[in-house]
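As stored in model24.csv (CSV, C-alpha atoms and all ligand atoms):
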chain,number,residue,atom,x,y,z
M,939,MET,CA,41.5,-43.6,-47.6
M,940,SER,CA,41.2,-44.8,-51.2
M,941,GLU,CA,39.1,-41.6,-51.9
M,942,LEU,CA,41.8,-39.4,-50.5
M,943,ARG,CA,43.8,-37.8,-53.4
M,944,ILE,CA,46.4,-35.2,-53.7
M,945,ASN,CA,46.0,-32.5,-56.4
M,946,PRO,CA,48.9,-33.1,-58.9
M,947,GLU,CA,48.2,-29.8,-60.8
M,948,ARG,CA,48.3,-27.8,-57.6
M,949,LEU,CA,51.5,-29.4,-56.5
M,950,TRP,CA,53.2,-28.8,-59.9
M,951,ASP,CA,51.9,-25.2,-60.0
M,952,SER,CA,53.4,-24.5,-56.6
M,953,LEU,CA,56.7,-26.1,-57.6
M,954,MET,CA,56.8,-23.9,-60.7
M,955,ARG,CA,55.9,-20.8,-58.8
M,956,MET,CA,58.6,-21.4,-56.2
M,957,ALA,CA,61.0,-22.0,-59.1
M,958,GLU,CA,60.4,-18.5,-60.4
M,959,ILE,CA,62.1,-17.1,-57.4
M,960,GLY,CA,65.8,-17.0,-58.3
M,961,ALA,CA,65.1,-18.5,-61.7
M,962,THR,CA,68.2,-18.8,-63.9
M,963,GLU,CA,68.5,-18.5,-67.6
M,964,LYS,CA,69.1,-22.2,-68.1
M,965,GLY,CA,65.9,-23.1,-66.2
M,966,GLY,CA,67.4,-23.7,-62.8
M,967,CYS,CA,67.3,-21.8,-59.5
M,968,CYS,CA,69.7,-19.7,-57.5
M,969,ARG,CA,68.3,-19.2,-54.0
M,970,LEU,CA,71.4,-19.0,-51.8
M,971,ALA,CA,70.7,-19.3,-48.0
M,972,LEU,CA,69.7,-16.0,-46.4
M,973,SER,CA,69.7,-14.1,-49.7
M,974,ASP,CA,66.9,-11.9,-50.9
M,975,GLU,CA,65.7,-14.9,-53.0
M,976,ASP,CA,65.7,-17.2,-50.0
M,977,LYS,CA,63.6,-14.6,-48.1
M,978,ALA,CA,61.2,-14.4,-51.0
M,979,GLY,CA,60.9,-18.2,-51.2
M,980,ARG,CA,60.3,-18.4,-47.4
M,981,ASP,CA,57.7,-15.6,-47.5
M,982,LEU,CA,55.8,-17.5,-50.3
M,983,PHE,CA,55.9,-20.7,-48.3
M,984,VAL,CA,54.8,-19.1,-45.1
M,985,ALA,CA,51.9,-17.3,-46.9
M,986,TRP,CA,50.8,-20.7,-48.4
M,987,ALA,CA,51.1,-22.5,-45.1
M,988,ARG,CA,49.0,-19.9,-43.3
M,989,GLU,CA,46.4,-20.0,-46.1
M,990,ALA,CA,46.3,-23.8,-45.5
M,991,GLY,CA,45.5,-23.1,-41.8
M,992,CYS,CA,49.0,-23.9,-40.3
M,993,ASP,CA,50.5,-22.1,-37.3
M,994,VAL,CA,53.9,-20.9,-38.3
M,995,SER,CA,56.8,-20.6,-35.9
M,996,ILE,CA,60.5,-19.9,-36.5
M,997,ASP,CA,63.5,-20.9,-34.4
M,998,ALA,CA,66.8,-19.1,-33.7
M,999,MET,CA,68.4,-20.7,-36.8
M,1000,GLY,CA,65.5,-19.6,-39.1
M,1001,ASN,CA,64.1,-23.1,-39.4
M,1002,ILE,CA,60.4,-22.7,-40.2
M,1003,PHE,CA,57.8,-25.0,-38.6
M,1004,ALA,CA,54.3,-24.9,-40.1
M,1005,ARG,CA,51.9,-26.9,-37.9
M,1006,ARG,CA,48.6,-28.4,-38.9
M,1007,PRO,CA,46.9,-29.2,-35.6
M,1008,GLY,CA,45.7,-32.7,-34.7
M,1009,ARG,CA,42.9,-34.1,-32.5
M,1010,LYS,CA,45.0,-35.5,-29.7
M,1011,LYS,CA,46.4,-32.6,-27.7
M,1012,SER,CA,49.3,-34.6,-26.1
M,1013,ALA,CA,50.5,-36.2,-29.4
M,1014,LEU,CA,53.9,-35.2,-30.8
M,1015,PRO,CA,53.8,-33.8,-34.3
M,1016,ILE,CA,54.9,-35.9,-37.3
M,1017,ALA,CA,57.3,-33.7,-39.3
M,1018,THR,CA,58.1,-33.6,-42.9
M,1019,GLY,CA,60.0,-31.1,-45.1
M,1020,SER,CA,63.3,-30.3,-46.6
M,1021,HIS,CA,65.0,-27.0,-47.7
M,1022,LEU,CA,64.4,-24.0,-49.9
M,1023,ASP,CA,67.9,-22.9,-50.4
M,1024,THR,CA,69.8,-24.0,-53.6
M,1025,GLN,CA,73.3,-24.3,-55.0
M,1026,PRO,CA,74.4,-21.2,-57.1
M,1027,THR,CA,73.5,-23.1,-60.2
M,1028,GLY,CA,70.9,-25.3,-58.6
M,1029,GLY,CA,67.7,-27.0,-59.9
M,1030,ARG,CA,64.0,-26.5,-59.3
M,1031,PHE,CA,63.4,-29.6,-57.3
M,1032,ASP,CA,66.3,-30.3,-54.8
M,1033,GLY,CA,64.8,-29.3,-51.5
M,1034,ALA,CA,61.8,-27.4,-52.8
M,1035,TYR,CA,60.1,-30.7,-53.7
M,1036,GLY,CA,60.2,-32.0,-50.2
M,1037,VAL,CA,58.8,-28.8,-48.7
M,1038,LEU,CA,56.0,-28.4,-51.3
M,1039,ALA,CA,55.1,-32.1,-51.2
M,1040,GLY,CA,54.5,-31.6,-47.5
M,1041,LEU,CA,52.4,-28.6,-48.2
M,1042,GLU,CA,50.3,-30.5,-50.8
M,1043,VAL,CA,49.7,-33.2,-48.2
M,1044,VAL,CA,48.3,-30.6,-45.8
M,1045,ARG,CA,46.2,-29.0,-48.6
M,1046,ALA,CA,44.8,-32.5,-49.6
M,1047,LEU,CA,43.9,-33.3,-46.0
M,1048,ASN,CA,42.1,-29.9,-45.8
M,1049,ASP,CA,40.2,-30.6,-49.0
M,1050,ALA,CA,39.1,-34.0,-47.6
M,1051,GLU,CA,38.3,-32.5,-44.2
M,1052,ILE,CA,40.4,-35.0,-42.5
M,1053,GLU,CA,41.7,-34.3,-39.0
M,1054,THR,CA,44.7,-36.4,-38.0
M,1055,LYS,CA,45.2,-37.7,-34.5
M,1056,ALA,CA,48.8,-36.3,-34.3
M,1057,PRO,CA,49.6,-32.8,-35.6
M,1058,LEU,CA,51.6,-32.6,-38.8
M,1059,GLU,CA,54.5,-30.1,-39.3
M,1060,ILE,CA,56.1,-29.0,-42.5
M,1061,VAL,CA,59.7,-27.9,-41.7
M,1062,VAL,CA,61.9,-25.7,-43.9
M,1063,TRP,CA,65.5,-26.2,-42.7
M,1064,THR,CA,67.9,-23.3,-43.1
M,1065,ASN,CA,71.0,-23.5,-45.3
M,1066,GLU,CA,71.0,-27.2,-46.2
M,1067,GLU,CA,73.3,-26.7,-49.2
M,1068,GLY,CA,76.1,-25.1,-47.1
M,1069,THR,CA,77.2,-23.1,-50.1
M,1070,ARG,CA,77.2,-19.7,-48.4
M,1071,PHE,CA,77.7,-20.6,-44.8
M,1072,PRO,CA,79.1,-23.9,-43.3
M,1073,PHE,CA,76.4,-24.8,-40.7
M,1074,GLY,CA,72.9,-25.9,-41.6
M,1075,GLY,CA,69.7,-25.5,-39.5
M,1076,SER,CA,69.2,-29.2,-39.2
M,1077,SER,CA,72.7,-29.8,-37.9
M,1078,VAL,CA,72.3,-27.1,-35.2
M,1079,PHE,CA,68.8,-28.5,-34.4
M,1080,VAL,CA,70.3,-31.9,-33.5
M,1081,GLY,CA,73.3,-30.4,-31.7
M,1082,GLN,CA,75.9,-31.5,-34.2
M,1083,ALA,CA,76.9,-27.8,-34.7
M,1084,SER,CA,76.5,-25.0,-32.2
M,1085,LEU,CA,74.3,-21.9,-32.7
M,1086,GLN,CA,77.3,-19.7,-31.8
M,1087,ALA,CA,79.5,-21.2,-34.5
M,1088,ALA,CA,76.6,-20.9,-37.0
M,1089,TYR,CA,76.0,-17.3,-36.1
M,1090,ALA,CA,79.7,-16.4,-36.3
M,1091,ALA,CA,80.2,-17.8,-39.8
M,1092,GLN,CA,80.9,-15.4,-42.7
M,1093,ASP,CA,80.3,-15.8,-46.4
M,1094,VAL,CA,83.0,-15.0,-49.0
M,1095,ASP,CA,82.0,-11.3,-49.0
M,1096,GLY,CA,82.5,-11.1,-45.2
M,1097,LEU,CA,78.7,-11.0,-44.5
M,1098,ASN,CA,77.8,-12.5,-41.2
M,1099,PHE,CA,75.2,-15.3,-40.8
M,1100,ALA,CA,73.4,-13.8,-37.8
M,1101,GLU,CA,73.2,-10.4,-39.4
M,1102,GLU,CA,71.9,-11.9,-42.7
M,1103,LEU,CA,69.3,-13.9,-40.8
M,1104,ASP,CA,68.2,-10.7,-39.1
M,1105,ARG,CA,68.2,-8.8,-42.4
M,1106,ILE,CA,65.8,-11.2,-44.0
M,1107,GLY,CA,63.6,-11.3,-40.9
M,1108,TYR,CA,64.0,-15.0,-40.1
M,1109,ARG,CA,65.7,-15.0,-36.7
M,1110,GLY,CA,62.8,-16.6,-34.7
M,1111,GLN,CA,61.9,-16.6,-31.1
M,1112,LEU,CA,62.0,-20.4,-30.6
M,1113,PRO,CA,65.3,-22.0,-29.4
M,1114,CYS,CA,66.9,-24.1,-32.1
M,1115,GLY,CA,66.6,-27.8,-31.0
M,1116,GLY,CA,64.7,-29.5,-28.2
M,1117,ARG,CA,61.5,-29.3,-30.2
M,1118,PRO,CA,59.7,-32.6,-29.5
M,1119,LEU,CA,58.8,-34.4,-32.8
M,1120,ASP,CA,57.4,-37.9,-33.1
M,1121,ALA,CA,59.2,-38.8,-36.4
M,1122,TYR,CA,60.5,-37.1,-39.6
M,1123,PHE,CA,59.9,-38.1,-43.2
M,1124,GLU,CA,61.5,-36.3,-46.1
M,1125,ALA,CA,60.6,-36.6,-49.8
M,1126,HIS,CA,63.5,-35.7,-52.2
M,1127,ILE,CA,64.6,-36.2,-55.8
M,1128,GLU,CA,67.1,-39.1,-56.0
M,1129,GLN,CA,70.0,-37.0,-57.3
M,1130,GLY,CA,71.3,-40.3,-58.8
M,1131,PRO,CA,70.6,-42.7,-61.7
M,1132,VAL,CA,69.3,-45.8,-59.9
M,1133,LEU,CA,65.5,-45.3,-60.1
M,1134,GLU,CA,65.6,-44.2,-63.7
M,1135,ALA,CA,67.6,-47.3,-64.6
M,1136,THR,CA,65.3,-49.8,-62.8
M,1137,GLY,CA,62.1,-48.0,-63.8
M,1138,GLU,CA,60.7,-47.9,-60.2
M,1139,THR,CA,58.9,-44.7,-59.2
M,1140,ILE,CA,59.7,-44.7,-55.5
M,1141,GLY,CA,63.0,-45.2,-53.7
M,1142,VAL,CA,62.5,-46.3,-50.1
M,1143,VAL,CA,65.6,-44.9,-48.6
M,1144,THR,CA,67.3,-47.1,-46.0
M,1145,GLY,CA,70.1,-44.7,-45.0
M,1146,ALA,CA,73.0,-42.8,-46.4
M,1147,ARG,CA,76.5,-43.7,-47.2
M,1148,GLY,CA,79.2,-43.2,-44.6
M,1149,GLN,CA,82.6,-42.0,-45.6
M,1150,ALA,CA,86.2,-42.4,-44.4
M,1151,ARG,CA,89.1,-40.5,-45.9
M,1152,PHE,CA,92.8,-41.3,-45.3
M,1153,ASP,CA,96.2,-39.9,-46.4
M,1154,ILE,CA,98.8,-42.5,-47.0
M,1155,THR,CA,102.6,-42.0,-47.1
M,1156,ILE,CA,104.9,-44.7,-48.3
M,1157,THR,CA,108.6,-44.2,-47.4
M,1158,GLY,CA,111.1,-46.3,-49.3
M,1159,MET,CA,114.7,-45.5,-50.1
M,1160,GLU,CA,115.9,-43.1,-52.7
M,1161,ALA,CA,118.7,-44.6,-54.7
M,1162,HIS,CA,120.5,-44.6,-58.1
M,1163,ALA,CA,118.4,-46.0,-60.9
M,1164,GLY,CA,121.4,-47.4,-62.7
M,1165,THR,CA,123.5,-48.9,-59.9
M,1166,THR,CA,120.9,-50.3,-57.4
M,1167,PRO,CA,120.1,-54.0,-58.1
M,1168,MET,CA,116.5,-54.8,-58.4
M,1169,PRO,CA,116.3,-57.1,-55.3
M,1170,ALA,CA,117.9,-54.5,-53.1
M,1171,ARG,CA,115.4,-51.7,-53.8
M,1172,LYS,CA,112.7,-50.2,-51.6
M,1173,ASP,CA,110.7,-48.4,-54.3
M,1174,ALA,CA,107.9,-46.4,-52.8
M,1175,LEU,CA,106.1,-45.9,-56.2
M,1176,VAL,CA,106.1,-49.6,-56.9
M,1177,SER,CA,104.5,-50.2,-53.5
M,1178,ALA,CA,102.0,-47.5,-54.1
M,1179,ALA,CA,101.1,-49.1,-57.4
M,1180,GLU,CA,100.6,-52.5,-55.7
M,1181,LEU,CA,98.4,-51.0,-53.0
M,1182,ILE,CA,96.3,-48.9,-55.4
M,1183,ARG,CA,95.6,-52.0,-57.4
M,1184,ALA,CA,94.7,-53.9,-54.3
M,1185,PHE,CA,92.4,-51.0,-53.0
M,1186,ASN,CA,90.6,-51.1,-56.3
M,1187,HIS,CA,90.0,-54.8,-55.9
M,1188,LEU,CA,88.8,-54.2,-52.4
M,1189,GLY,CA,86.3,-51.6,-53.8
M,1190,LEU,CA,85.1,-54.1,-56.4
M,1191,ALA,CA,84.7,-56.8,-53.7
M,1192,HIS,CA,82.3,-54.4,-51.8
M,1193,ALA,CA,80.5,-53.2,-54.9
M,1194,PRO,CA,77.9,-51.9,-55.6
M,1195,SER,CA,77.3,-50.5,-52.1
M,1196,GLY,CA,81.0,-49.8,-51.3
M,1197,VAL,CA,83.3,-47.6,-53.3
M,1198,CYS,CA,87.0,-47.0,-52.9
M,1199,THR,CA,88.9,-44.3,-54.7
M,1200,VAL,CA,92.6,-43.1,-54.9
M,1201,GLY,CA,92.2,-39.7,-56.3
M,1202,ARG,CA,95.5,-37.9,-55.7
M,1203,ILE,CA,99.1,-38.9,-55.8
M,1204,ALA,CA,102.5,-37.3,-55.4
M,1205,CYS,CA,105.8,-39.0,-56.0
M,1206,SER,CA,109.1,-37.8,-54.7
M,1207,PRO,CA,111.7,-36.8,-55.9
M,1208,ASN,CA,109.8,-37.5,-59.2
M,1209,ALA,CA,113.0,-37.7,-61.1
M,1210,ARG,CA,113.8,-40.0,-64.0
M,1211,ASN,CA,117.1,-41.4,-62.6
M,1212,THR,CA,116.1,-41.9,-59.0
M,1213,ILE,CA,114.2,-44.7,-57.4
M,1214,PRO,CA,111.2,-43.0,-55.7
M,1215,GLY,CA,111.8,-42.6,-52.0
M,1216,ARG,CA,108.4,-41.3,-51.0
M,1217,VAL,CA,104.8,-41.4,-52.3
M,1218,ASP,CA,101.8,-39.6,-50.8
M,1219,PHE,CA,98.3,-40.4,-51.9
M,1220,THR,CA,94.7,-40.2,-50.7
M,1221,ILE,CA,92.0,-42.8,-50.3
M,1222,ASP,CA,88.3,-42.3,-50.0
M,1223,LEU,CA,86.1,-45.1,-48.9
M,1224,ARG,CA,82.3,-45.1,-48.7
M,1225,HIS,CA,79.7,-47.6,-47.7
M,1226,PRO,CA,76.1,-47.3,-46.4
M,1227,GLU,CA,76.6,-49.8,-43.6
M,1228,ARG,CA,78.9,-49.0,-40.7
M,1229,ARG,CA,80.0,-52.7,-40.2
M,1230,GLU,CA,81.0,-52.9,-43.9
M,1231,LEU,CA,82.7,-49.5,-43.9
M,1232,ASP,CA,84.7,-50.5,-40.8
M,1233,GLU,CA,85.5,-53.8,-42.5
M,1234,MET,CA,86.9,-52.0,-45.5
M,1235,ILE,CA,89.1,-49.9,-43.3
M,1236,LEU,CA,90.4,-53.0,-41.6
M,1237,GLU,CA,91.2,-54.5,-45.0
M,1238,ILE,CA,93.0,-51.3,-46.0
M,1239,ARG,CA,95.1,-51.5,-42.9
M,1240,ALA,CA,96.0,-55.2,-43.5
M,1241,LEU,CA,97.0,-54.5,-47.1
M,1242,CYS,CA,99.3,-51.7,-45.9
M,1243,ARG,CA,100.9,-54.0,-43.2
M,1244,ALA,CA,101.4,-56.8,-45.7
M,1245,GLU,CA,103.2,-54.4,-48.1
M,1246,THR,CA,105.6,-53.4,-45.3
M,1247,GLU,CA,106.3,-57.0,-44.5
M,1248,ARG,CA,106.8,-57.9,-48.1
M,1249,THR,CA,109.1,-55.1,-49.2
M,1250,GLY,CA,110.4,-53.2,-46.2
M,1251,VAL,CA,108.8,-49.9,-47.1
M,1252,ILE,CA,107.1,-47.9,-44.3
M,1253,VAL,CA,103.4,-47.4,-44.9
M,1254,GLU,CA,101.8,-44.7,-42.8
M,1255,LEU,CA,98.0,-44.4,-42.8
M,1256,ARG,CA,96.4,-41.2,-41.4
M,1257,ARG,CA,92.7,-40.9,-41.0
M,1258,VAL,CA,91.5,-37.4,-42.2
M,1259,ASP,CA,87.9,-37.9,-41.4
M,1260,TYR,CA,85.1,-40.4,-40.8
M,1261,GLU,CA,81.4,-39.8,-41.2
M,1262,GLU,CA,79.3,-42.6,-39.9
M,1263,PRO,CA,76.8,-44.1,-42.2
M,1264,VAL,CA,73.2,-43.2,-41.4
M,1265,GLU,CA,70.7,-46.0,-41.0
M,1266,PHE,CA,67.1,-44.9,-41.0
M,1267,ASP,CA,64.5,-46.3,-38.6
M,1268,PRO,CA,63.2,-49.8,-39.6
M,1269,THR,CA,59.6,-49.0,-38.7
M,1270,CYS,CA,59.8,-45.7,-40.7
M,1271,ILE,CA,61.3,-47.5,-43.7
M,1272,ALA,CA,58.5,-50.1,-43.5
M,1273,THR,CA,55.9,-47.4,-43.3
M,1274,VAL,CA,57.3,-45.7,-46.5
M,1275,ARG,CA,57.4,-49.1,-48.3
M,1276,ASP,CA,53.8,-50.0,-47.3
M,1277,ALA,CA,52.6,-46.6,-48.3
M,1278,ALA,CA,54.2,-47.0,-51.8
M,1279,GLU,CA,52.5,-50.3,-52.2
M,1280,ALA,CA,49.1,-49.0,-51.0
M,1281,ALA,CA,49.4,-46.1,-53.4
M,1282,GLY,CA,50.1,-48.5,-56.3
M,1283,HIS,CA,53.6,-47.4,-57.0
M,1284,GLY,CA,56.6,-49.7,-57.7
M,1285,SER,CA,59.3,-49.2,-55.2
M,1286,GLN,CA,62.8,-50.4,-54.3
M,1287,GLU,CA,65.1,-50.0,-51.4
M,1288,ILE,CA,67.9,-47.5,-52.0
M,1289,PHE,CA,70.5,-45.7,-50.0
M,1290,SER,CA,71.5,-42.1,-50.4
M,1291,GLY,CA,74.9,-41.2,-51.7
M,1292,ALA,CA,74.3,-37.6,-50.7
M,1293,GLY,CA,73.7,-36.0,-47.3
M,1294,HIS,CA,70.2,-34.6,-46.4
M,1295,ASP,CA,68.5,-32.9,-43.5
M,1296,ALA,CA,67.0,-36.3,-42.8
M,1297,CYS,CA,70.5,-37.7,-42.1
M,1298,TYR,CA,71.0,-35.2,-39.3
M,1299,LEU,CA,67.6,-35.7,-37.9
M,1300,ALA,CA,68.2,-39.4,-37.8
M,1301,ARG,CA,70.6,-38.8,-34.9
M,1302,LEU,CA,67.7,-37.7,-32.8
M,1303,LEU,CA,64.4,-39.1,-34.1
M,1304,PRO,CA,63.0,-42.0,-36.1
M,1305,VAL,CA,63.4,-41.0,-39.7
M,1306,GLY,CA,62.2,-42.2,-43.1
M,1307,MET,CA,62.8,-40.9,-46.5
M,1308,LEU,CA,61.6,-41.4,-50.1
M,1309,PHE,CA,63.1,-40.6,-53.4
M,1310,ILE,CA,61.6,-40.0,-56.8
M,1311,PRO,CA,63.5,-40.3,-60.0
M,1312,CYS,CA,65.2,-37.3,-61.6
M,1313,LYS,CA,66.2,-37.0,-65.3
M,1314,ASP,CA,69.6,-38.6,-66.0
M,1315,GLY,CA,70.3,-38.7,-62.3
M,1316,LEU,CA,71.3,-35.0,-62.6
M,1317,SER,CA,71.2,-32.6,-59.6
M,1318,HIS,CA,73.1,-29.6,-58.4
M,1319,ASN,CA,72.6,-28.5,-62.0
M,1320,GLU,CA,70.2,-26.1,-63.6
M,1321,LEU,CA,69.0,-28.9,-65.9
M,1322,GLU,CA,67.8,-30.9,-62.9
M,1323,SER,CA,64.3,-32.2,-63.8
M,1324,ALA,CA,61.5,-34.5,-62.5
M,1325,THR,CA,58.2,-35.3,-64.1
M,1326,PRO,CA,54.9,-34.0,-62.8
M,1327,GLU,CA,53.8,-37.7,-62.6
M,1328,ASP,CA,56.7,-38.7,-60.4
M,1329,CYS,CA,56.3,-35.6,-58.2
M,1330,ALA,CA,52.7,-36.5,-57.7
M,1331,ALA,CA,53.5,-40.2,-57.0
M,1332,GLY,CA,56.0,-39.3,-54.3
M,1333,THR,CA,53.5,-36.9,-52.7
M,1334,GLU,CA,50.8,-39.6,-52.6
M,1335,VAL,CA,53.3,-41.9,-50.9
M,1336,LEU,CA,54.2,-39.1,-48.4
M,1337,LEU,CA,50.5,-38.5,-47.7
M,1338,ARG,CA,49.9,-42.2,-46.8
M,1339,THR,CA,53.2,-42.4,-44.8
M,1340,LEU,CA,52.2,-39.4,-42.7
M,1341,LEU,CA,48.7,-40.6,-42.2
M,1342,LYS,CA,49.9,-44.0,-41.0
M,1343,GLN,CA,52.4,-42.5,-38.6
M,1344,ALA,CA,49.8,-39.9,-37.3
M,1345,LYS,CA,47.4,-42.8,-36.5
M,1346,ARG,CA,50.0,-44.4,-34.3
M,1347,ALA,CA,50.2,-41.3,-32.1
C,1401,ZN,ZN,68.5,-31.3,-51.0
Show me, as structure tokens, the structure contained in the file I just sent.
Ligand SMILES: [Zn+2]
Amino acid sequence: MSELRINPERLWDSLMRMAEIGATEKGGCCRLALSDEDKAGRDLFVAWAREAGCDVSIDAMGNIFARRPGRKKSALPIATGSHLDTQPTGGRFDGAYGVLAGLEVVRALNDAEIETKAPLEIVVWTNEEGTRFPFGGSSVFVGQASLQAAYAAQDVDGLNFAEELDRIGYRGQLPCGGRPLDAYFEAHIEQGPVLEATGETIGVVTGARGQARFDITITGMEAHAGTTPMPARKDALVSAAELIRAFNHLGLAHAPSGVCTVGRIACSPNARNTIPGRVDFTIDLRHPERRELDEMILEIRALCRAETERTGVIVELRRVDYEEPVEFDPTCIATVRDAAEAAGHGSQEIFSGAGHDACYLARLLPVGMLFIPCKDGLSHNELESATPEDCAAGTEVLLRTLLKQAKRA
């Protein structure tokens, strides 16, 4: 095991070759889902995977599964991967890193002539970014979105998902979903500033932040600004101000994991001489733990009720949406943590502020994830950058993670 090494130069070379496809002037990448560039990126990956001895199969959403066979015929594959599509002004590492780290693991095992007990699979999920079309391959795979809805979607030019998938030759024979997998591990750049700030190399991801969004309407009483005595007023804007301040305190009380933001406000009639009768504003709450997120919502409701009791304004709270926090599998988390230690890399637990394919997979399978630092925490940006050393470190940890999991099969 201690002899087993990945090849950092080969990994970096593959990352840079993939980055040439859709390369932008500022050093980023534009490989929109199901575009010619996406096809070229997929073709390159498939060629590399076949060269590395993998069996490649493709499902109805264009998700690519590259399998390296294992010893035990009945064992379910251990999957790893990410996505190859990017934002229009995306970077070289978001997504591509997880796919090519998986490929480097397979190549390193080939070099060392190691046959794992369980098969390994590198997965390329279609359209993770959701820039061109709304539904991603991993969300259809877990049944969160339907294949029909994904196929029917159109981009801004009126081009249809299913036709574009056909056009690039990646509508596969396999059904999307129902593929038995033992576990899924994804390596990704952090896309945030935490690891760079603490100086740790590996983020052991415990889950992803959940989110709740509300619209709030406060109804008071419009009245003359000159003639209405102060104690007799029902001023909607004053109540909004009290609540916004209280919500900010609530966010601070749940920091650093929790955040609470009032981002938009409209006051009516918005006139100098009239006491505001109505205020509409938004609130956005996020927290990585469901219990805490739900607690924050309860506190928001209690603050609204208290404001009504105190002043007589009517506070209406409408939920716009609620995305549950994702909590990764404790055993998978421990496997990643132990692998980081065994590989001699400093690590810390971290949760993801962004969504990933892994977050969808976590609805179905035991999932683990690891982050490596990225420069200035910058992502979805052409200047996105990660060092060859950190890319190699994350891949070493992924290798040990997959080997450990494959042994359990
Ligand atoms: Zn990504």
Could you give me the residues within 9 Å of ligand ZN 1401 (chain C), counting all atoms listed in the file, as a CSV table (one decimal) with C-alpha atoms, in the coordinates of the input?
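After the write, pocket38.csv holds the following:
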chain,number,residue,atom,x,y,z
M,1020,SER,CA,63.3,-30.3,-46.6
M,1021,HIS,CA,65.0,-27.0,-47.7
M,1022,LEU,CA,64.4,-24.0,-49.9
M,1023,ASP,CA,67.9,-22.9,-50.4
M,1024,THR,CA,69.8,-24.0,-53.6
M,1031,PHE,CA,63.4,-29.6,-57.3
M,1032,ASP,CA,66.3,-30.3,-54.8
M,1033,GLY,CA,64.8,-29.3,-51.5
M,1034,ALA,CA,61.8,-27.4,-52.8
M,1035,TYR,CA,60.1,-30.7,-53.7
M,1036,GLY,CA,60.2,-32.0,-50.2
M,1066,GLU,CA,71.0,-27.2,-46.2
M,1067,GLU,CA,73.3,-26.7,-49.2
M,1126,HIS,CA,63.5,-35.7,-52.2
M,1127,ILE,CA,64.6,-36.2,-55.8
M,1129,GLN,CA,70.0,-37.0,-57.3
M,1292,ALA,CA,74.3,-37.6,-50.7
M,1293,GLY,CA,73.7,-36.0,-47.3
M,1294,HIS,CA,70.2,-34.6,-46.4
M,1295,ASP,CA,68.5,-32.9,-43.5
M,1318,HIS,CA,73.1,-29.6,-58.4
Query raised in the report: At a cut-off of 7 Å from (54.9, -28.8, -36.8) in the coordinates of the file, what residues are picked up using only C-alpha atoms, written as a PyMOL selection string?
Result: chain M and resi 1003-1006+1015+1017+1057-1061
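You will find atom CA of M:Asp1173 at 16.6 Å from atom CA of M:Leu1241.
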Report task. Tell me, as a list in words, which residues lie within 9 Å of M:Gly1075, counting all atoms listed in the file; anything in the same chain fewer than 4 positions away does not count. Result ->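 What passes the distance filter is Met999, Gly1000, Asn1001, Val1062, Trp1063, Thr1064, Asn1065, Glu1066, Phe1079, Val1080, Ala1083, Leu1085, Ala1088, Cys1114 and Asp1295 of chain M.
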Query raised in the report: Using only C-alpha atoms, which residue out of M:Ser973, M:Ser1323, M:Thr1144, M:Thr1220 lies closest to M:Glu1265?
Result: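 Looking at the shortest contact to M:Glu1265, the residue is M:Thr1144.
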Please identify all polymer residues lying at most 6 Å from the point (69.2, -33.5, -35.2) (file coordinates), using only C-alpha atoms, and present the result as a tab-separated table (two decimals) with C-alpha atoms, in the frame of the given file.
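The result, stored in result.tsv:
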chain	number	residue	atom	x	y	z
M	1076	SER	CA	69.20	-29.20	-39.20
M	1077	SER	CA	72.70	-29.80	-37.90
M	1079	PHE	CA	68.80	-28.50	-34.40
M	1080	VAL	CA	70.30	-31.90	-33.50
M	1298	TYR	CA	71.00	-35.20	-39.30
M	1299	LEU	CA	67.60	-35.70	-37.90
M	1301	ARG	CA	70.60	-38.80	-34.90
M	1302	LEU	CA	67.70	-37.70	-32.80
**Report entry** Option closest in space to M:Gly1201, from M:Gln1025, M:Asn1186, M:Thr1166, M:Gln1286 [counting all atoms listed in the file]
**Finding:**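 Of M:Gln1025, M:Asn1186, M:Thr1166, M:Gln1286, the one nearest M:Gly1201 is M:Asn1186, counting all atoms listed in the file.
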Report task. Excluding M:Gly966 and residues on its chain fewer than 4 positions from it, collect all residues at most 7 Å away from it, counting only C-alpha atoms, and give them as a PyMOL selection string. Result -> chain M and resi 961-962+1027-1030+1320-1321
Report task. May I have the residues within 8 Å of stretch 1277-1281 of chain M as a ChimeraX atom specification, using only C-alpha atoms and disregarding those fewer than 6 positions away in the same chain? Result -> /M:1140,1334-1336,1338-1339
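From atom CA of M:Ala1125 back to atom CA of M:Ser1317, the distance works out to 15.0 Å.
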**Report entry** Top pick for closest residue to M:Thr1249, considering M:Thr1199, M:Asn1211, M:Thr1157, M:Ser1285 and counting all atoms listed in the file
**Finding:** M:Thr1157
Query raised in the report: Using only C-alpha atoms, which of M:Arg1210, M:Pro1007, M:Ile1156, M:Trp986 sits nearest M:Ile1052?
Result: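 Among the listed residues, the smallest separation from M:Ile1052 belongs to M:Pro1007.
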**Report entry** Residue nearest M:Cys1242 - candidates M:Ala1347, M:Met954, M:Ile1203, M:Ala1178, atoms counted: all atoms listed in the file
**Finding:**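 Closest candidate: M:Ala1178.
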Requested in this report: Could you tell me how far atom CA of M:Ala1146 lies from atom CA of M:Cys1270, in Å and to one decimal?
Outcome: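 Spanning atom CA of M:Ala1146 to atom CA of M:Cys1270 is a straight-line distance of 14.7 Å.
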